[in-house]
Every structure is written in C-alpha cells, then in structure tokens.
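Okay, protein-v6.txt now, which holds compact mmCIF, C-alpha atoms and all ligand atoms:
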```txt
# COMPACT_ATOMS: atom_id res chain seq x y z
CA MET Z 1 18.50 6.82 -8.98
CA ASN Z 2 18.17 4.38 -11.86
CA GLN Z 3 21.74 3.18 -11.44
CA ASP Z 4 20.85 1.92 -7.92
CA ILE Z 5 18.22 -0.45 -9.33
CA GLU Z 6 19.19 -4.06 -10.02
CA ARG Z 7 16.07 -5.03 -11.93
CA ILE Z 8 12.70 -3.54 -12.81
CA LEU Z 9 9.88 -5.74 -11.53
CA PHE Z 10 6.87 -3.76 -12.73
CA THR Z 11 7.14 -1.15 -15.46
CA GLU Z 12 5.03 2.01 -15.60
CA GLU Z 13 2.88 0.35 -18.23
CA ALA Z 14 2.36 -2.83 -16.17
CA LEU Z 15 1.41 -0.75 -13.13
CA ARG Z 16 -1.04 1.37 -15.13
CA HIS Z 17 -2.68 -1.72 -16.57
CA ARG Z 18 -3.03 -3.55 -13.25
CA VAL Z 19 -4.20 -0.48 -11.30
CA GLY Z 20 -6.82 0.07 -14.00
CA GLN Z 21 -8.04 -3.49 -13.49
CA LEU Z 22 -8.26 -3.02 -9.72
CA GLY Z 23 -10.21 0.21 -10.18
CA ALA Z 24 -12.63 -1.50 -12.55
CA GLN Z 25 -13.13 -4.36 -10.10
CA ILE Z 26 -13.84 -1.98 -7.22
CA THR Z 27 -16.24 -0.02 -9.44
CA THR Z 28 -18.17 -3.23 -10.12
CA ASP Z 29 -18.08 -4.51 -6.54
CA TYR Z 30 -19.25 -1.24 -4.99
CA ALA Z 31 -21.87 -0.32 -7.60
CA GLY Z 32 -24.52 1.91 -6.00
CA LYS Z 33 -22.30 2.64 -2.97
CA ARG Z 34 -20.07 5.52 -1.93
CA PRO Z 35 -16.97 3.91 -0.42
CA VAL Z 36 -14.32 5.90 1.38
CA LEU Z 37 -10.79 5.06 0.31
CA ALA Z 38 -8.27 5.53 3.11
CA SER Z 39 -4.65 5.68 2.10
CA VAL Z 40 -2.03 4.55 4.59
CA LEU Z 41 0.80 7.00 4.06
CA ARG Z 42 3.40 7.46 3.01
CA GLY Z 43 4.07 4.49 0.75
CA SER Z 44 0.62 4.34 -0.84
CA TYR Z 45 0.42 7.93 -2.07
CA ILE Z 46 1.11 7.23 -5.74
CA PHE Z 47 -0.98 4.05 -5.85
CA MET Z 48 -3.84 5.92 -4.16
CA ALA Z 49 -3.70 8.74 -6.70
CA ASP Z 50 -3.81 6.33 -9.63
CA LEU Z 51 -6.32 3.90 -8.11
CA THR Z 52 -8.87 6.58 -7.21
CA ARG Z 53 -8.76 7.90 -10.77
CA ALA Z 54 -9.50 4.38 -12.04
CA ILE Z 55 -12.70 4.12 -9.97
CA ASP Z 56 -15.93 5.36 -11.52
CA LEU Z 57 -17.96 5.90 -8.32
CA PRO Z 58 -18.72 8.87 -6.03
CA ILE Z 59 -15.93 7.93 -3.60
CA THR Z 60 -14.41 10.06 -0.88
CA VAL Z 61 -10.78 9.92 0.20
CA ASP Z 62 -9.02 10.12 3.53
CA PHE Z 63 -5.49 9.62 4.76
CA MET Z 64 -3.67 8.27 7.75
CA SER Z 65 -0.05 7.90 8.56
CA VAL Z 66 1.43 4.89 10.26
CA SER Z 67 5.00 4.00 10.96
CA SER Z 68 6.35 0.53 11.53
CA TYR Z 69 9.65 0.20 9.72
CA GLY Z 70 11.94 3.01 10.75
CA SER Z 71 14.78 3.31 8.26
CA GLY Z 72 15.62 -0.38 7.99
CA THR Z 73 14.50 -2.99 5.48
CA VAL Z 74 12.88 -5.31 8.03
CA SER Z 75 9.71 -4.55 9.97
CA SER Z 76 10.20 -3.78 13.64
CA GLY Z 77 6.69 -5.08 14.29
CA GLN Z 78 5.77 -1.93 16.18
CA VAL Z 79 2.89 0.12 14.78
CA GLU Z 80 2.22 3.73 15.64
CA ILE Z 81 -0.53 6.00 14.28
CA LYS Z 82 1.14 9.29 13.45
CA LYS Z 83 -1.83 10.90 11.71
CA ASP Z 84 -5.38 9.66 12.06
CA LEU Z 85 -8.22 9.79 9.52
CA SER Z 86 -9.89 13.20 9.26
CA ASP Z 87 -13.50 11.99 9.09
CA SER Z 88 -15.70 9.46 10.87
CA ILE Z 89 -16.04 6.09 9.14
CA GLU Z 90 -19.12 5.01 11.07
CA GLY Z 91 -21.56 3.37 8.68
CA ARG Z 92 -19.19 3.82 5.72
CA ASP Z 93 -17.81 1.20 3.35
CA LEU Z 94 -14.09 1.56 3.98
CA ILE Z 95 -11.35 0.48 1.61
CA LEU Z 96 -7.88 0.63 3.14
CA VAL Z 97 -5.29 1.34 0.47
CA GLU Z 98 -1.72 0.14 1.02
CA ASP Z 99 1.38 -0.11 -1.11
CA ILE Z 100 2.53 -3.38 0.42
CA LEU Z 101 1.26 -6.11 2.73
CA ASP Z 102 4.33 -7.70 4.27
CA SER Z 103 4.35 -9.13 7.83
CA GLY Z 104 0.75 -7.92 8.16
CA ASN Z 105 1.49 -6.11 11.43
CA THR Z 106 0.36 -2.73 10.11
CA LEU Z 107 -2.93 -3.81 8.57
CA HIS Z 108 -3.75 -6.26 11.33
CA TYR Z 109 -3.42 -3.46 13.86
CA LEU Z 110 -5.25 -0.90 11.71
CA ARG Z 111 -8.12 -3.20 10.91
CA THR Z 112 -8.69 -3.86 14.61
CA VAL Z 113 -8.56 -0.16 15.48
CA LEU Z 114 -10.82 0.88 12.59
CA GLN Z 115 -13.33 -1.94 13.07
CA ALA Z 116 -14.09 -0.49 16.52
CA ARG Z 117 -15.31 2.69 14.80
CA LYS Z 118 -18.23 0.71 13.32
CA PRO Z 119 -17.83 1.08 9.55
CA ALA Z 120 -20.41 -0.78 7.43
CA SER Z 121 -17.54 -2.81 5.95
CA ILE Z 122 -13.76 -2.88 5.67
CA ARG Z 123 -11.80 -4.21 2.74
CA ILE Z 124 -8.10 -4.02 2.01
CA CYS Z 125 -6.56 -3.10 -1.32
CA THR Z 126 -2.81 -3.50 -1.61
CA LEU Z 127 -0.66 -2.99 -4.67
CA LEU Z 128 1.87 -5.60 -3.56
CA ASP Z 129 1.54 -8.69 -1.41
CA LYS Z 130 4.48 -10.62 0.10
CA PRO Z 131 2.69 -13.65 1.58
CA ASP Z 132 5.97 -15.43 2.43
CA ARG Z 133 6.65 -12.95 5.20
CA ARG Z 134 3.24 -12.90 6.84
CA SER Z 135 3.23 -13.21 10.63
CA GLN Z 136 -0.35 -12.03 11.21
CA PRO Z 137 -3.57 -13.70 10.00
CA ILE Z 138 -4.52 -11.15 7.36
CA THR Z 139 -5.22 -11.26 3.63
CA ALA Z 140 -6.07 -8.47 1.21
CA ASP Z 141 -9.32 -8.37 -0.74
CA TYR Z 142 -7.67 -6.70 -3.74
CA VAL Z 143 -4.04 -7.43 -4.66
CA GLY Z 144 -2.16 -5.86 -7.54
CA PHE Z 145 0.79 -8.24 -7.62
CA THR Z 146 2.00 -11.08 -5.39
CA ILE Z 147 5.77 -10.93 -5.02
CA PRO Z 148 8.55 -13.01 -3.43
CA ASP Z 149 10.57 -11.79 -0.46
CA VAL Z 150 12.74 -9.23 -2.27
CA PHE Z 151 13.37 -5.64 -1.25
CA ILE Z 152 11.71 -3.27 -3.67
CA VAL Z 153 11.42 0.47 -4.12
CA GLY Z 154 9.63 2.93 -6.38
CA TYR Z 155 6.02 3.95 -7.13
CA GLY Z 156 5.76 5.20 -3.55
CA LEU Z 157 7.94 2.59 -1.83
CA ASP Z 158 11.14 3.82 -0.23
CA TYR Z 159 14.48 2.83 1.11
CA ASP Z 160 15.43 5.28 3.86
CA GLU Z 161 12.87 7.74 2.38
CA ARG Z 162 14.49 7.67 -1.06
CA TYR Z 163 13.34 6.21 -4.39
CA ARG Z 164 9.60 6.83 -3.79
CA ASN Z 165 9.45 8.92 -6.97
CA LEU Z 166 10.68 6.22 -9.33
CA PRO Z 167 7.83 5.64 -11.80
CA TYR Z 168 8.31 1.85 -11.70
CA VAL Z 169 8.79 -0.82 -9.00
CA GLY Z 170 12.31 -2.20 -8.93
CA MET Z 171 14.70 -4.25 -6.85
CA LEU Z 172 17.38 -2.21 -5.16
CA LYS Z 173 20.98 -3.34 -5.59
CA PRO Z 174 22.00 -5.07 -2.34
CA SER Z 175 25.15 -2.93 -2.31
CA ILE Z 176 22.95 0.12 -1.65
CA TYR Z 177 21.45 -1.13 1.58
CA ALA Z 178 24.67 -2.88 2.62
CA GLU Z 179 26.32 0.57 2.70
CA SER Z 180 24.32 1.80 5.68
C1 LIG J 1 5.23 -0.03 4.83
C2 LIG J 1 3.96 -0.14 4.02
C3 LIG J 1 2.99 -0.71 4.98
C4 LIG J 1 3.84 -1.56 5.88
C5 LIG J 1 3.66 -3.00 5.51
O1 LIG J 1 5.18 1.15 5.54
O2 LIG J 1 3.55 1.10 3.52
O3 LIG J 1 2.35 0.30 5.73
O4 LIG J 1 5.19 -1.16 5.69
O5 LIG J 1 4.46 -3.83 6.29
P1 LIG J 1 3.89 -4.90 7.33
O6 LIG J 1 2.85 -5.72 6.62
O7 LIG J 1 5.12 -5.70 7.68
O8 LIG J 1 3.34 -4.16 8.50
P2 LIG J 1 6.46 1.85 6.22
O9 LIG J 1 6.40 1.63 7.69
O10 LIG J 1 7.69 1.42 5.50
O11 LIG J 1 6.19 3.38 6.01
P3 LIG J 1 5.94 4.22 4.66
O12 LIG J 1 4.58 3.81 4.15
O13 LIG J 1 5.97 5.64 5.13
O14 LIG J 1 7.04 3.89 3.69
```
Take the structure in the file and write it out as structure tokens.
Amino acid sequence: MNQDIERILFTEEALRHRVGQLGAQITTDYAGKRPVLASVLRGSYIFMADLTRAIDLPITVDFMSVSSYGSGTVSSGQVEIKKDLSDSIEGRDLILVEDILDSGNTLHYLRTVLQARKPASIRICTLLDKPDRRSQPITADYVGFTIPDVFIVGYGLDYDERYRNLPYVGMLKPSIYAES
C-alpha cells in the first residue's frame, strides 16, 4: 500500500496529537453533560475510536452508515442512509463524528434529518475539512485539520474501499486513480 502514496500529509504522531486536543476540547465544552457521539461510517471508524478514548466524560456512542460517493473520487451529491442510529437522540447532546467534510452534502442532509428528532443540541466534529469544495452552507464545530482540494486516503479514508487501514493520512498517487 505504501508504494501507492505520493506524500504523507499527517503522520500517526500528528494525528494522535491533534485527536487528543479535540478530545480535550470536547471534554471541556461538555463538562457535566453526557453527549452521544454518532459516527458516520465507514470513513470515520478509526477517528471515532481514537476520539472517544480522548474524551473524559460519560459519553455514549452510536453509528450510522451513509453513502454518497460510490467508488469515484468526486461526490455524486446523492445521500442515502444505509444504517440508521440504534437509539433515540431526543433530548441528547449529539456530536456527529465524520472523517471529512467536503461538499457538505452528507452533513447538511444528516443535520436536517437528525434535527427533526429533537436532540438538545447538535455539533459536528470532523477530522478533515476541505472548505474549497463546499457547496452547502455548513461548517464544523470541531475540525482536526483544514486541507486543500487533494485526494487523500488512510486513517479510515478510502479509495474504492482500499487504504482505510493505513495508519497515516496520505495523498494517493494520481496514477492509481487514473488506472480505473
Ligand atoms: C465520505 C465521508 C463523508 C462524506 C463527505 O463518505 O466519510 O461522509 O464523504 O463528503 P461530502 O461533504 O461531499 O458529502 P463516503 O461516501 O466516501 O463513504 P465512506 O465514509 O464509507 O468512505
């Protein structure tokens, strides 16, 4: 896998450090509360695992699965809930956990759907933010790193379902996605 990577953007150490900071910030901001962290699968699974362990609060976790990209590198703009949350979020402080905020289609749609379930609050925590590509009016409350419009993989992010298990975030060689 490593030979398919052009450049490492965020090393394991940089990710650990930044995720620790996000966890500490959430711990401070939600002091005295019991937020539910909802991970939007699949891309956020590694970030979710590390982030939750960096939060020193009696949180609960939940998961949902959404698809918007298919196998390409550009968002189709179509959002579909494939697996919904297991528990009610009514009256709960909800933190949506994403690996990347790109066009904003996914989170814009999800926020609207979840807001209707009457949570006490909704905030968004994303590891990566690509503001240059935003087409929906949405910003994250917690951002790990702001990045330019480059195609990245690793630490949960995939290309055609591969590379999620790389321990770092890297730029894929263009020759890899030009092949398909
Ligand atoms: C990715 C990512 C977000 C979404 C962000 O998911 O995990 O959910 O795209 O893009 P947007 O802001 O343009 O909507 P993807 O559909 O690739 O599925 P995955 O999480 O299973 O990799």
With a distance cut-off of 9 Å and only C-alpha atoms, select the neighbouring residues of Ser67 (chain Z), excluding the residue or stretch itself and same-chain residues fewer than 3 positions from it, and output the selection as a PyMOL selection string.
-> chain Z and resi 41-42+70+78-82+106
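Counting all atoms listed in the file and comparing Z:Phe10, Z:Tyr159, Z:Phe145, Z:Phe63, the residue that lies closest to ligand LIG 1 (chain J) is Z:Tyr159.
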Å distance separating CA of Ser88 (chain Z) from CA of Asp62 (chain Z), one decimal place |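 Computed distance, CA of Ser88 (chain Z) to CA of Asp62 (chain Z), equals 9.9 Å.
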Separation of CA of Tyr30 (chain Z) from atom O9 of ligand LIG 1 (chain J) in Å =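 So the answer is 28.8 Å.
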Please identify the residues whose atoms come within 10 Å of ligand LIG 1 (chain J), using all atoms listed in the file, and report them as number ranges by chain.
-> Z: 39-45, 65-80, 97-110, 126, 128-131, 133-136, 138, 153, 156-162, 164
Hey, could you make a per-residue contact list for region 118-163 of chain Z against region 19-27 of chain Z with 9 Å as the cut-off, showing the nearest pair of atoms and its distance in Å to one decimal, counting only C-alpha atoms, sorted by chain and number, as JSON lines?
```
{"residue": "Z:Cys125", "atom": "CA", "partner": "Z:Leu22", "partner_atom": "CA", "distance": 8.6}
{"residue": "Z:Leu127", "atom": "CA", "partner": "Z:Val19", "partner_atom": "CA", "distance": 7.9}
{"residue": "Z:Tyr142", "atom": "CA", "partner": "Z:Leu22", "partner_atom": "CA", "distance": 7.0}
{"residue": "Z:Val143", "atom": "CA", "partner": "Z:Leu22", "partner_atom": "CA", "distance": 7.9}
{"residue": "Z:Gly144", "atom": "CA", "partner": "Z:Val19", "partner_atom": "CA", "distance": 6.9}
```
Residues around (11.0, 10.4, -8.0), cut-off 9 Å, counting all atoms listed in the file - what are they as a ChimeraX atom specification?
-> /Z:1,154-156,162-167
With only C-alpha atoms as the basis for distance, which of Z:Asp50, Z:Asp87, Z:Asp149, Z:Asp56 is at the shortest distance from Arg18 (chain Z)?
-> Z:Asp50
So how many Å separate CA of Ser175 (chain Z) and CA of Leu9 (chain Z), to one decimal?
-> 18.1 Å
Spatial neighbours of Glu6 (chain Z), max dist 7 Å, all atoms listed in the file, sep filter under 4 positions, as number ranges by chain = Z: 171-173
For the residues in that selection, give me C-alpha atoms as a JSON list (two decimals), in the frame of the given file.
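File selection-v7.json, as written:
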```
[["chain", "number", "residue", "atom", "x", "y", "z"],
["Z", 171, "MET", "CA", 14.70, -4.25, -6.85],
["Z", 172, "LEU", "CA", 17.38, -2.21, -5.16],
["Z", 173, "LYS", "CA", 20.98, -3.34, -5.59]]
```
Choose the residue, out of Z:Ile46, Z:Ile5, Z:Met64, Z:Ile89, that has the smallest atom-to-atom separation from Arg34 (chain Z); count all atoms listed in the file.
->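 Of Z:Ile46, Z:Ile5, Z:Met64, Z:Ile89, the one nearest Arg34 (chain Z), counting all atoms listed in the file, is Z:Ile89.
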Of the listed residues Z:Ala120, Z:Ala140, Z:Val113, Z:Val150, that which approaches Asp84 (chain Z) most closely, counting only C-alpha atoms | Z:Val113
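Closest to Ile59 (chain Z) among Z:Ile8, Z:Leu15, Z:Ala31, Z:Ile124 is Z:Ala31, based on only C-alpha atoms.
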Output file: region 38-55 of chain Z, N, CA, C and O atoms, as a PDB file, in the first residue's frame:
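Writing the result to out.pdb gives the following:
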```pdb
ATOM      1  N   ALA Z  38     -21.995  10.192  17.518  1.00  0.00           N
ATOM      2  CA  ALA Z  38     -22.511   9.360  16.441  1.00  0.00           C
ATOM      3  C   ALA Z  38     -21.538   9.397  15.273  1.00  0.00           C
ATOM      4  O   ALA Z  38     -21.279  10.449  14.689  1.00  0.00           O
ATOM      5  N   SER Z  39     -21.000   8.244  14.972  1.00  0.00           N
ATOM      6  CA  SER Z  39     -20.019   8.114  13.910  1.00  0.00           C
ATOM      7  C   SER Z  39     -20.714   7.821  12.596  1.00  0.00           C
ATOM      8  O   SER Z  39     -21.584   6.949  12.513  1.00  0.00           O
ATOM      9  N   VAL Z  40     -20.337   8.585  11.566  1.00  0.00           N
ATOM     10  CA  VAL Z  40     -20.889   8.349  10.232  1.00  0.00           C
ATOM     11  C   VAL Z  40     -19.926   7.419   9.505  1.00  0.00           C
ATOM     12  O   VAL Z  40     -18.835   7.822   9.097  1.00  0.00           O
ATOM     13  N   LEU Z  41     -20.350   6.166   9.393  1.00  0.00           N
ATOM     14  CA  LEU Z  41     -19.486   5.144   8.795  1.00  0.00           C
ATOM     15  C   LEU Z  41     -19.447   5.276   7.268  1.00  0.00           C
ATOM     16  O   LEU Z  41     -20.323   5.903   6.706  1.00  0.00           O
ATOM     17  N   ARG Z  42     -18.462   4.688   6.554  1.00  0.00           N
ATOM     18  CA  ARG Z  42     -17.451   3.921   7.234  1.00  0.00           C
ATOM     19  C   ARG Z  42     -16.210   4.738   7.580  1.00  0.00           C
ATOM     20  O   ARG Z  42     -15.422   4.360   8.424  1.00  0.00           O
ATOM     21  N   GLY Z  43     -16.036   5.835   6.855  1.00  0.00           N
ATOM     22  CA  GLY Z  43     -14.757   6.564   6.903  1.00  0.00           C
ATOM     23  C   GLY Z  43     -14.299   7.005   8.274  1.00  0.00           C
ATOM     24  O   GLY Z  43     -13.103   7.158   8.508  1.00  0.00           O
ATOM     25  N   SER Z  44     -15.254   7.203   9.200  1.00  0.00           N
ATOM     26  CA  SER Z  44     -14.877   7.789  10.494  1.00  0.00           C
ATOM     27  C   SER Z  44     -14.527   6.750  11.557  1.00  0.00           C
ATOM     28  O   SER Z  44     -14.297   7.105  12.705  1.00  0.00           O
ATOM     29  N   TYR Z  45     -14.466   5.472  11.175  1.00  0.00           N
ATOM     30  CA  TYR Z  45     -14.360   4.455  12.239  1.00  0.00           C
ATOM     31  C   TYR Z  45     -13.070   4.550  13.052  1.00  0.00           C
ATOM     32  O   TYR Z  45     -13.085   4.329  14.268  1.00  0.00           O
ATOM     33  N   ILE Z  46     -11.977   4.882  12.427  1.00  0.00           N
ATOM     34  CA  ILE Z  46     -10.717   4.950  13.181  1.00  0.00           C
ATOM     35  C   ILE Z  46     -10.662   6.244  13.999  1.00  0.00           C
ATOM     36  O   ILE Z  46     -10.288   6.237  15.180  1.00  0.00           O
ATOM     37  N   PHE Z  47     -11.072   7.343  13.383  1.00  0.00           N
ATOM     38  CA  PHE Z  47     -11.122   8.625  14.101  1.00  0.00           C
ATOM     39  C   PHE Z  47     -12.035   8.501  15.319  1.00  0.00           C
ATOM     40  O   PHE Z  47     -11.696   8.953  16.416  1.00  0.00           O
ATOM     41  N   MET Z  48     -13.187   7.891  15.145  1.00  0.00           N
ATOM     42  CA  MET Z  48     -14.152   7.707  16.235  1.00  0.00           C
ATOM     43  C   MET Z  48     -13.516   6.921  17.383  1.00  0.00           C
ATOM     44  O   MET Z  48     -13.660   7.285  18.556  1.00  0.00           O
ATOM     45  N   ALA Z  49     -12.841   5.856  17.050  1.00  0.00           N
ATOM     46  CA  ALA Z  49     -12.229   5.014  18.089  1.00  0.00           C
ATOM     47  C   ALA Z  49     -11.193   5.801  18.888  1.00  0.00           C
ATOM     48  O   ALA Z  49     -11.119   5.692  20.118  1.00  0.00           O
ATOM     49  N   ASP Z  50     -10.395   6.594  18.191  1.00  0.00           N
ATOM     50  CA  ASP Z  50      -9.357   7.372  18.881  1.00  0.00           C
ATOM     51  C   ASP Z  50      -9.951   8.568  19.619  1.00  0.00           C
ATOM     52  O   ASP Z  50      -9.555   8.877  20.747  1.00  0.00           O
ATOM     53  N   LEU Z  51     -10.912   9.250  18.976  1.00  0.00           N
ATOM     54  CA  LEU Z  51     -11.509  10.445  19.598  1.00  0.00           C
ATOM     55  C   LEU Z  51     -12.237  10.086  20.898  1.00  0.00           C
ATOM     56  O   LEU Z  51     -12.086  10.771  21.909  1.00  0.00           O
ATOM     57  N   THR Z  52     -13.029   9.028  20.865  1.00  0.00           N
ATOM     58  CA  THR Z  52     -13.806   8.676  22.066  1.00  0.00           C
ATOM     59  C   THR Z  52     -12.872   8.341  23.234  1.00  0.00           C
ATOM     60  O   THR Z  52     -13.182   8.651  24.383  1.00  0.00           O
ATOM     61  N   ARG Z  53     -11.726   7.764  22.921  1.00  0.00           N
ATOM     62  CA  ARG Z  53     -10.789   7.427  24.007  1.00  0.00           C
ATOM     63  C   ARG Z  53     -10.033   8.642  24.516  1.00  0.00           C
ATOM     64  O   ARG Z  53      -9.348   8.582  25.529  1.00  0.00           O
ATOM     65  N   ALA Z  54     -10.159   9.768  23.803  1.00  0.00           N
ATOM     66  CA  ALA Z  54      -9.519  11.015  24.239  1.00  0.00           C
ATOM     67  C   ALA Z  54     -10.496  11.922  24.982  1.00  0.00           C
ATOM     68  O   ALA Z  54     -10.151  13.041  25.349  1.00  0.00           O
ATOM     69  N   ILE Z  55     -11.727  11.444  25.182  1.00  0.00           N
ATOM     70  CA  ILE Z  55     -12.748  12.234  25.878  1.00  0.00           C
ATOM     71  C   ILE Z  55     -12.968  11.653  27.269  1.00  0.00           C
ATOM     72  O   ILE Z  55     -13.249  10.461  27.413  1.00  0.00           O
TER      73      ILE Z  55
END
```
